[in-house]
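Working notes for the structure below.
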Amino acid sequence: MNGLERITERIASDAKKENEAALEKARKEADAIIAGYKNQAAAQTEDSVPKAKRDAAERTERRLAVAAMEARKLTLAARQNVIQKAFDGAAVRLENLDDGAKVEWLSRVAAKAANTGAEAVILNTAEHSRLGGKVVEAANKLLGDRGNLTLAPDGRDFPGGLVLAARDVELNCTIASLLGSARGELSAEAGKICGVM
């Protein structure tokens, strides 16, 4: 081998060694960079998992609170519906009392509601002429000495109960009015009887 070939071979050999050393150095740097990013990703994951768990727990808690509130609203609506049906049923029963029971009930209502004992009793149109005289007579007996109720000349259009009239003042004792005013007092009791309270 001549001198030129040896020099060329040596230059090529030195260049190959330098390239291999540079390549090895680049591999080590790349491995270090990859390891750094892996550590950074692991640290971020460790930080993210507890936060994600907390966020999920908070969302679950909020959803459970909303569901509980909706359940309470539905339960309350169902209770109110049952109580309303009980009051509606009571109204129907009062409207459908037989004449004897109706006279007894209406006379007690009139006697209890009478302020002066000289009011005019107004019944619904269907019952006014049929039961009015009996109701007034029984109510006056209940009132005793101050019993001076009279039957108004005409009935009115309402489902049941009565109205007491004295001059310009009328006292509404219709079934709807009586049940409406008693509702506040009786709702809890009706709920207990119906099994919803």
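Order determines the names: the first chain of the structure tokens is A, the second B, and so forth; residues in each chain are numbered 1 upward, and ligands are numbered 1 upward as they are shown.
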
- Message: Set the distance at 7 Å and use only C-alpha atoms: which residues neighbour stretch 97-112 of chain A once local chain neighbours fewer than 2 positions away are removed? I'd like the list as an MDAnalysis selection string.
- Response: chainID A and resid 93:95 114 131 134:136 138:139 142:143 161

- Write out as a PyMOL selection string all residues of stretch 36-166 of chain A that DSSP puts in alpha helix (DSSP H) for this structure's backbone. chain A and resi 36-95+99-113+125-143

Produce a table with one row for each residue of stretch 104-136 of chain A that has an atom at most 10 Å from any atom of stretch 164-180 of chain A, each row naming the nearest atom pair and its distance in Å at one decimal; use only C-alpha atoms; arrange rows by chain and rising residue number; format as a Markdown table.
| residue | atom | partner | partner_atom | distance |
| --- | --- | --- | --- | --- |
| A:Leu106 | CA | A:Cys173 | CA | 9.3 |
| A:Val109 | CA | A:Cys173 | CA | 7.4 |
| A:Ala110 | CA | A:Leu164 | CA | 7.3 |
| A:Ala113 | CA | A:Leu171 | CA | 7.8 |
| A:Ala114 | CA | A:Leu164 | CA | 7.3 |
| A:Asn115 | CA | A:Ala166 | CA | 9.1 |
| A:Thr116 | CA | A:Ala166 | CA | 8.7 |
| A:Gly117 | CA | A:Ala166 | CA | 9.6 |
| A:Ala118 | CA | A:Ala166 | CA | 7.4 |
| A:Glu119 | CA | A:Ala166 | CA | 4.8 |
| A:Ala120 | CA | A:Ala165 | CA | 5.0 |
| A:Val121 | CA | A:Leu164 | CA | 4.9 |
| A:Ile122 | CA | A:Leu164 | CA | 6.2 |
| A:Leu123 | CA | A:Thr174 | CA | 8.7 |
| A:Asn124 | CA | A:Thr174 | CA | 9.0 |

Produce a file of the selected residues containing C-alpha atoms, as a JSON list (two decimals), in the first residue's frame.
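Below is the file that was written, out_14.json:
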[["chain", "number", "residue", "atom", "x", "y", "z"],
["A", 106, "LEU", "CA", -126.00, 22.51, 56.68],
["A", 109, "VAL", "CA", -122.72, 25.13, 59.41],
["A", 110, "ALA", "CA", -125.35, 27.90, 59.44],
["A", 113, "ALA", "CA", -121.28, 30.75, 61.02],
["A", 114, "ALA", "CA", -124.18, 33.00, 62.05],
["A", 115, "ASN", "CA", -122.98, 36.27, 63.50],
["A", 116, "THR", "CA", -126.24, 37.89, 64.58],
["A", 117, "GLY", "CA", -128.61, 34.96, 64.12],
["A", 118, "ALA", "CA", -130.77, 37.08, 61.80],
["A", 119, "GLU", "CA", -128.99, 36.34, 58.50],
["A", 120, "ALA", "CA", -130.68, 34.97, 55.38],
["A", 121, "VAL", "CA", -129.63, 31.46, 54.34],
["A", 122, "ILE", "CA", -128.93, 30.89, 50.64],
["A", 123, "LEU", "CA", -128.53, 27.31, 49.39],
["A", 124, "ASN", "CA", -127.67, 26.11, 45.91]]

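Here atom CA of A:Thr45 stands at a distance of 25.3 Å from atom CA of A:Lys28.
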
- Message: Using DSSP assignments from the backbone, pull out every residue in stretch 38-138 of chain A that falls under strand (DSSP E) and give it to me as a PyMOL selection string.
- Response: chain A and resi 120-123
